[in-house]
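Have a look at run-v6.txt; it's compact mmCIF, C-alpha atoms:
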```txt
# COMPACT_ATOMS: atom_id res chain seq x y z
CA ARG H 1 -100.59 -82.61 -203.65
CA ARG H 2 -97.84 -80.28 -202.44
CA ILE H 3 -100.38 -77.71 -201.14
CA GLN H 4 -102.19 -80.47 -199.25
CA ALA H 5 -98.89 -81.59 -197.71
CA LEU H 6 -98.10 -78.06 -196.55
CA GLN H 7 -101.57 -77.77 -195.00
CA ALA H 8 -101.43 -81.14 -193.26
CA PRO H 9 -101.18 -81.19 -189.45
CA LEU H 10 -97.64 -81.26 -188.12
CA PRO H 11 -96.61 -84.68 -186.81
CA GLU H 12 -96.66 -85.24 -183.07
CA SER H 13 -94.01 -87.30 -181.28
CA THR H 14 -94.06 -89.12 -177.98
CA GLN H 15 -90.30 -88.60 -177.59
CA THR H 16 -89.32 -86.13 -174.89
CA PRO H 17 -85.72 -85.03 -175.41
CA ALA H 18 -84.08 -82.49 -173.14
CA LYS H 19 -82.38 -80.78 -176.07
CA ALA H 20 -82.98 -80.55 -179.82
CA CYS H 21 -80.49 -79.02 -182.26
CA VAL H 22 -81.15 -78.18 -185.88
CA PHE H 23 -78.24 -77.79 -188.29
CA ALA H 24 -78.53 -76.66 -191.92
CA ASP H 25 -76.09 -75.88 -194.71
CA GLY H 26 -75.70 -76.02 -198.47
CA THR H 27 -73.31 -77.71 -200.87
CA THR H 28 -73.19 -78.13 -204.65
CA VAL H 29 -73.63 -81.00 -207.07
CA HIS H 30 -72.94 -80.98 -210.82
CA THR H 31 -76.46 -81.49 -212.11
CA GLU H 32 -78.21 -80.88 -215.42
CA GLY H 33 -75.09 -79.42 -217.01
CA GLU H 34 -73.86 -77.10 -214.24
CA TRP H 35 -73.32 -76.78 -210.50
CA HIS H 36 -76.50 -76.47 -208.44
CA GLU H 37 -76.99 -76.04 -204.71
CA ILE H 38 -78.35 -78.91 -202.71
CA ARG H 39 -79.56 -78.02 -199.23
CA VAL H 40 -78.66 -80.33 -196.36
CA ALA H 41 -80.16 -80.45 -192.87
CA THR H 42 -79.64 -82.51 -189.72
CA VAL H 43 -81.64 -82.68 -186.49
CA VAL H 44 -80.22 -84.20 -183.32
CA THR H 45 -81.97 -84.78 -180.00
CA GLU H 46 -80.37 -85.60 -176.64
CA ASP H 47 -81.58 -86.69 -173.24
CA ALA H 48 -80.83 -84.89 -169.97
CA GLY H 49 -77.50 -86.71 -169.66
CA GLY H 50 -76.31 -85.52 -173.07
CA LYS H 51 -76.79 -88.91 -174.73
CA GLN H 52 -78.01 -88.80 -178.31
CA MET H 53 -81.58 -90.03 -178.67
CA ALA H 54 -82.13 -89.58 -182.39
CA ARG H 55 -80.59 -88.05 -185.48
CA GLN H 56 -82.04 -87.54 -188.93
CA SER H 57 -80.59 -85.90 -192.05
CA ARG H 58 -81.99 -84.90 -195.43
CA ALA H 59 -80.47 -83.52 -198.63
CA ARG H 60 -82.85 -81.94 -201.15
CA PHE H 61 -82.89 -80.00 -204.43
CA LEU H 62 -85.73 -77.75 -203.28
CA PRO H 63 -86.50 -74.04 -202.92
CA VAL H 64 -85.87 -72.62 -199.46
CA ASP H 65 -89.46 -72.71 -198.20
CA GLU H 66 -89.96 -76.30 -199.32
CA VAL H 67 -86.74 -77.58 -197.78
CA ALA H 68 -87.66 -75.69 -194.61
CA TRP H 69 -90.91 -77.64 -194.46
CA VAL H 70 -89.03 -80.92 -194.91
CA LEU H 71 -86.74 -79.91 -192.06
CA LEU H 72 -89.63 -78.95 -189.81
CA LEU H 73 -91.40 -82.27 -190.39
CA MET H 74 -88.17 -84.17 -189.75
CA ALA H 75 -87.59 -82.26 -186.51
CA ARG H 76 -91.15 -82.79 -185.27
CA GLU H 77 -90.93 -86.53 -185.93
CA ILE H 78 -88.12 -86.95 -183.41
CA GLY H 79 -89.55 -84.76 -180.67
CA TYR H 80 -88.22 -81.27 -181.42
CA ALA H 81 -91.45 -79.65 -180.23
CA ASN H 82 -91.21 -81.45 -176.86
CA ALA H 83 -87.65 -80.34 -176.06
CA PRO H 84 -87.43 -77.50 -173.53
CA LEU H 85 -84.09 -76.39 -175.03
CA ARG H 86 -83.86 -75.90 -178.80
CA ALA H 87 -81.14 -74.46 -181.01
CA PHE H 88 -80.56 -73.67 -184.68
CA ILE H 89 -76.87 -73.68 -185.67
CA ALA H 90 -75.66 -72.45 -189.05
CA ASP H 91 -73.20 -70.21 -190.88
CA GLY H 92 -74.08 -66.67 -191.94
CA SER H 93 -76.11 -67.45 -195.09
CA HIS H 94 -79.28 -65.37 -195.20
CA TRP H 95 -81.54 -68.22 -196.33
CA LEU H 96 -80.61 -70.25 -193.26
CA TRP H 97 -81.58 -67.53 -190.81
CA ARG H 98 -84.81 -66.91 -192.71
CA VAL H 99 -85.66 -70.60 -192.19
CA ALA H 100 -84.74 -70.32 -188.50
CA GLU H 101 -86.92 -67.27 -187.94
CA GLN H 102 -89.96 -68.49 -189.89
CA TYR H 103 -90.02 -72.15 -188.91
CA PHE H 104 -87.96 -72.46 -185.70
CA GLY H 105 -88.78 -69.25 -183.89
CA SER H 106 -88.35 -70.74 -180.41
CA ALA H 107 -84.79 -71.94 -181.11
CA VAL H 108 -81.65 -70.24 -179.87
CA GLN H 109 -79.84 -69.04 -183.01
CA ILE H 110 -76.09 -69.78 -182.99
CA LEU H 111 -73.57 -68.64 -185.59
CA ASP H 112 -71.12 -71.42 -186.37
CA TRP H 113 -67.89 -70.49 -184.58
CA TYR H 114 -65.60 -71.99 -187.21
CA HIS H 115 -67.15 -70.01 -190.08
CA LEU H 116 -66.80 -66.87 -187.98
CA ALA H 117 -63.13 -67.66 -187.30
CA GLU H 118 -62.55 -68.19 -191.04
CA HIS H 119 -63.96 -64.73 -191.77
CA VAL H 120 -61.63 -63.21 -189.17
CA HIS H 121 -58.55 -64.97 -190.57
CA LYS H 122 -59.45 -64.01 -194.13
CA ALA H 123 -59.63 -60.31 -193.23
CA ALA H 124 -56.47 -60.48 -191.10
CA ASN H 125 -54.47 -62.06 -193.91
CA ILE H 126 -55.61 -59.47 -196.45
CA VAL H 127 -54.99 -56.51 -194.16
CA HIS H 128 -51.74 -57.59 -192.46
CA GLY H 129 -50.27 -60.15 -194.85
CA GLU H 130 -50.94 -63.86 -194.97
CA GLY H 131 -49.43 -65.89 -192.14
CA ASN H 132 -47.30 -63.16 -190.58
CA ASP H 133 -47.19 -62.38 -186.85
CA GLU H 134 -49.23 -59.20 -187.14
CA ALA H 135 -52.07 -61.05 -188.86
CA LYS H 136 -51.94 -63.83 -186.27
CA ASP H 137 -51.94 -61.37 -183.35
CA TRP H 138 -54.83 -59.33 -184.75
CA SER H 139 -56.99 -62.36 -185.51
CA LYS H 140 -56.24 -63.86 -182.07
CA ARG H 141 -57.24 -60.66 -180.32
CA LEU H 142 -60.46 -60.49 -182.30
CA LYS H 143 -61.31 -64.16 -181.73
CA ASP H 144 -60.61 -63.87 -178.00
CA GLU H 145 -63.20 -61.10 -177.74
CA LEU H 146 -65.71 -63.02 -179.85
CA CYS H 147 -65.18 -66.21 -177.87
CA GLN H 148 -66.10 -64.28 -174.73
CA GLY H 149 -69.23 -62.93 -176.40
CA HIS H 150 -67.87 -59.39 -176.72
CA GLY H 151 -69.29 -58.72 -180.16
CA ASN H 152 -69.38 -54.94 -179.80
CA ILE H 153 -65.74 -54.82 -178.72
CA ALA H 154 -64.79 -56.95 -181.73
CA LEU H 155 -66.75 -54.61 -183.98
CA ASP H 156 -64.93 -51.60 -182.52
CA LEU H 157 -61.59 -53.30 -183.31
CA VAL H 158 -62.66 -53.86 -186.91
CA ARG H 159 -63.92 -50.30 -187.28
CA GLY H 160 -60.72 -48.95 -185.76
CA GLU H 161 -58.66 -50.94 -188.27
CA LEU H 162 -60.88 -49.75 -191.10
CA ALA H 163 -60.23 -46.12 -190.16
CA LYS H 164 -56.47 -46.67 -190.57
CA VAL H 165 -56.26 -48.35 -193.97
CA ARG H 166 -56.52 -46.80 -197.44
CA SER H 167 -56.03 -49.79 -199.76
CA PRO H 168 -59.35 -50.66 -201.51
CA ALA H 169 -58.71 -54.39 -201.09
CA LYS H 170 -58.05 -54.02 -197.37
CA ARG H 171 -61.05 -51.77 -196.87
CA ASP H 172 -63.29 -54.22 -198.73
CA ALA H 173 -62.08 -57.10 -196.53
CA LEU H 174 -62.71 -55.17 -193.33
CA GLN H 175 -66.10 -53.89 -194.46
CA GLU H 176 -67.13 -57.44 -195.35
CA LEU H 177 -66.13 -58.64 -191.87
CA GLN H 178 -67.87 -55.67 -190.25
CA THR H 179 -71.11 -56.44 -192.08
CA TYR H 180 -70.86 -60.13 -191.19
CA LEU H 181 -70.46 -59.27 -187.50
CA GLU H 182 -73.25 -56.69 -187.54
CA ASN H 183 -75.67 -59.13 -189.20
CA ASN H 184 -74.92 -61.87 -186.66
CA LEU H 185 -74.34 -59.91 -183.47
CA SER H 186 -77.30 -61.57 -181.73
CA ARG H 187 -75.95 -65.06 -182.54
CA ILE H 188 -72.47 -64.94 -180.99
CA ASP H 189 -73.12 -65.17 -177.24
CA TYR H 190 -70.81 -68.18 -177.00
CA PRO H 191 -70.37 -68.16 -173.19
CA ARG H 192 -74.15 -68.52 -172.82
CA TYR H 193 -74.33 -71.32 -175.38
CA ARG H 194 -71.55 -73.23 -173.65
CA GLU H 195 -73.26 -72.77 -170.30
CA LEU H 196 -76.47 -74.22 -171.77
CA GLY H 197 -74.55 -77.17 -173.19
CA LEU H 198 -75.30 -76.18 -176.78
CA PRO H 199 -72.88 -76.76 -179.68
CA ILE H 200 -71.21 -73.73 -181.24
CA GLY H 201 -70.23 -75.50 -184.46
CA SER H 202 -72.27 -76.89 -187.33
CA GLY H 203 -70.02 -79.92 -187.84
CA GLN H 204 -73.00 -82.30 -187.66
CA VAL H 205 -74.42 -81.04 -190.96
CA GLU H 206 -71.04 -80.37 -192.58
CA ALA H 207 -70.24 -84.04 -192.07
CA GLN H 208 -73.50 -84.91 -193.84
CA CYS H 209 -72.56 -82.62 -196.76
CA LYS H 210 -69.44 -84.77 -197.16
CA THR H 211 -71.01 -88.20 -196.63
CA LEU H 212 -74.66 -87.88 -197.67
CA VAL H 213 -73.81 -85.80 -200.76
CA GLY H 214 -70.07 -85.78 -201.42
CA ALA H 215 -69.36 -89.51 -201.07
CA ARG H 216 -72.37 -90.41 -203.20
CA CYS H 217 -72.33 -87.75 -205.90
CA LYS H 218 -68.97 -85.94 -206.02
CA GLN H 219 -66.27 -88.58 -206.45
CA ALA H 220 -63.94 -88.82 -209.46
CA GLY H 221 -65.82 -88.89 -212.74
CA MET H 222 -69.18 -88.07 -211.14
CA ARG H 223 -70.44 -85.14 -213.21
CA ASN H 224 -73.67 -84.06 -214.82
CA TRP H 225 -76.11 -86.01 -212.71
CA THR H 226 -79.77 -85.72 -213.64
CA TYR H 227 -82.19 -84.70 -210.91
CA ALA H 228 -83.82 -88.12 -211.18
CA GLY H 229 -80.40 -89.80 -210.85
```
Now, as a test, write the supplied structure out as structure tokens.
Amino acid sequence: RRIQALQAPLPESTQTPAKACVFADGTTVHTEGEWHEIRVATVVTEDAGGKQMARQSRARFLPVDEVAWVLLLMAREIGYANAPLRAFIADGSHWLWRVAEQYFGSAVQILDWYHLAEHVHKAANIVHGEGNDEAKDWSKRLKDELCQGHGNIALDLVRGELAKVRSPAKRDALQELQTYLENNLSRIDYPRYRELGLPIGSGQVEAQCKTLVGARCKQAGMRNWTYAG
């Protein structure tokens, strides 16, 4: 049955949005005796005036390729394929970008700005000391460059800082940030995204992680759900 579903023709929609945005993320639920990831996705379409036309969300305990198919079907149902401007917005998780590349190849890939900022602050606090002026100044300088789409300049700042430190913990923090930037360099052209009217944050799906999953399955006393439950 599953193979037949994957081979079925993709749904066609008569809706003609001007813009379609796909958001995906993951959260956890205590299921079958331990914490398991549940993948959450949201698709939003807008008309030429920026008014929302449709929004759909799904949360599924499924392998990546199967949840990607669910997301693709959901997007097609509300006119994703008819939108001249398409975007896929997510954090830096590898499975998300694999879904974007394999199933949403025509979409502009955008790294969630707020996750990127969190990575910068984390490194700054480890290297310069949490909350002090030097950490704040360094993270601000880095974020200013990233906000302007200057990914290579930001990378040079990180590499320059890495060359100065000797502490293993500080070096690890900077190398982690360097790798994160290198892996997502093509997804941080924020001036272009703003000019196109595209979102730079994945708040749409993060809200669904809290409401669709958290409010239903993660309140006080809610542990050890079964998959059927």
H:Leu96, H:Leu142, H:Pro84, H:Gly149 ranked by distance to Leu185 in chain H, top pick (using only C-alpha atoms):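 Checking each candidate against Leu185 in chain H, we get H:Gly149 as the closest.
By all atoms listed in the file, and with residues fewer than 4 positions from Leu174 in chain H along its chain excluded, the set lying at most 7 Å from it is Ala123, Val158, Leu162, Lys170 and Gln178 of chain H.
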Within-12 Å shell of (-65.8, -52.8, -183.4) in input frame, all atoms listed in the file, as a list in words: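 The requested residues, written out, are Leu142, Glu145, Leu146, His150, Gly151, Asn152, Ile153, Ala154, Leu155, Asp156, Leu157, Val158, Arg159, Gly160, Glu161, Leu162, Ala163, Leu174, Gln175, Leu177, Gln178, Thr179, Tyr180, Leu181, Glu182 and Leu185 of chain H.
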Please report, as a tab-separated table, each residue of range 40-137 of chain H lying at most 8 Å from range 14-27 of chain H, together with the nearest pair of atoms and the separation in Å rounded to one decimal; use only C-alpha atoms, and order rows by chain and ascending residue number.
```
residue	atom	partner	partner_atom	distance
H:Val40	CA	H:Asp25	CA	5.4
H:Ala41	CA	H:Ala24	CA	4.2
H:Thr42	CA	H:Phe23	CA	5.1
H:Val43	CA	H:Val22	CA	4.6
H:Val44	CA	H:Cys21	CA	5.3
H:Thr45	CA	H:Ala20	CA	4.4
H:Glu46	CA	H:Lys19	CA	5.3
H:Asp47	CA	H:Ala18	CA	4.9
H:Ala48	CA	H:Ala18	CA	5.1
H:Met53	CA	H:Pro17	CA	7.3
H:Ala75	CA	H:Val22	CA	7.6
H:Ile78	CA	H:Gln15	CA	6.4
H:Gly79	CA	H:Gln15	CA	5.0
H:Tyr80	CA	H:Ala20	CA	5.5
H:Asn82	CA	H:Thr16	CA	5.4
H:Ala83	CA	H:Ala18	CA	5.1
H:Pro84	CA	H:Ala18	CA	6.0
H:Leu85	CA	H:Lys19	CA	4.8
H:Arg86	CA	H:Ala20	CA	4.8
H:Ala87	CA	H:Cys21	CA	4.8
H:Phe88	CA	H:Val22	CA	4.7
H:Ile89	CA	H:Phe23	CA	5.1
H:Ala90	CA	H:Ala24	CA	5.8
H:Asp91	CA	H:Asp25	CA	7.4
H:Leu96	CA	H:Ala24	CA	6.9
```
CA of Ala54 in chain H to CA of Gly214 in chain H, distance in Å rounded to a single decimal: 22.8 Å
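You will find CA of Pro199 in chain H at 25.4 Å from CA of Glu37 in chain H.
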Pairwise distance for CA of Val67 in chain H and CA of Phe104 in chain H, rounded to one decimal in Å: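 CA of Phe104 in chain H lies 13.2 Å from CA of Val67 in chain H.
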Spatial sel., origin (-53.2, -61.4, -194.7), limit 12 Å, all atoms listed in the file, listed as a PyMOL selection string: chain H and resi 119-139+169-170+173-174
Would you mind exporting C-alpha atoms of the selected residues as a short mmCIF file (atom, residue, chain, number, x, y, z; two decimals), keeping the file's coordinate frame?
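Written out: part.cif:
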```cif
data_model
loop_
_atom_site.label_atom_id
_atom_site.label_comp_id
_atom_site.auth_asym_id
_atom_site.auth_seq_id
_atom_site.Cartn_x
_atom_site.Cartn_y
_atom_site.Cartn_z
CA HIS H 119 -63.96 -64.73 -191.77
CA VAL H 120 -61.63 -63.21 -189.17
CA HIS H 121 -58.55 -64.97 -190.57
CA LYS H 122 -59.45 -64.01 -194.13
CA ALA H 123 -59.63 -60.31 -193.23
CA ALA H 124 -56.47 -60.48 -191.10
CA ASN H 125 -54.47 -62.06 -193.91
CA ILE H 126 -55.61 -59.47 -196.45
CA VAL H 127 -54.99 -56.51 -194.16
CA HIS H 128 -51.74 -57.59 -192.46
CA GLY H 129 -50.27 -60.15 -194.85
CA GLU H 130 -50.94 -63.86 -194.97
CA GLY H 131 -49.43 -65.89 -192.14
CA ASN H 132 -47.30 -63.16 -190.58
CA ASP H 133 -47.19 -62.38 -186.85
CA GLU H 134 -49.23 -59.20 -187.14
CA ALA H 135 -52.07 -61.05 -188.86
CA LYS H 136 -51.94 -63.83 -186.27
CA ASP H 137 -51.94 -61.37 -183.35
CA TRP H 138 -54.83 -59.33 -184.75
CA SER H 139 -56.99 -62.36 -185.51
CA ALA H 169 -58.71 -54.39 -201.09
CA LYS H 170 -58.05 -54.02 -197.37
CA ALA H 173 -62.08 -57.10 -196.53
CA LEU H 174 -62.71 -55.17 -193.33
#
```
Pick from H:Ala59, H:Ile38, H:Val99, H:Val108, whichever lies nearest to Gln208 in chain H using only C-alpha atoms: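 Answer, going by the shortest atom-to-atom distance: H:Ala59.
Residue nearest Leu212 in chain H, chosen from H:Lys164, H:Lys51, H:Arg58, H:His36 and counting only C-alpha atoms: H:Arg58.
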Proximity to Glu12 in chain H - best of H:Arg192, H:Arg76, H:Arg55, H:Arg171, all atoms listed in the file: H:Arg76
Which of H:Trp95, H:Tyr190, H:Tyr103, H:Tyr227 sits closest to Pro63 in chain H [using only C-alpha atoms]: H:Trp95
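With all atoms listed in the file as the basis for measurement, H:Pro11 is the residue among H:Gly201, H:Gly229, H:Gly105, H:Pro11 that approaches Leu73 in chain H most closely.
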Please report, as lines of an AutoDock Vina configuration file, the centre and edge lengths in Å to one decimal of an axis-aligned box covering all listed atoms of range 73-85 of chain H with 6 Å per side.
```
center_x = -87.8
center_y = -81.7
center_z = -182.0
size_x = 19.4
size_y = 22.6
size_z = 28.9
```
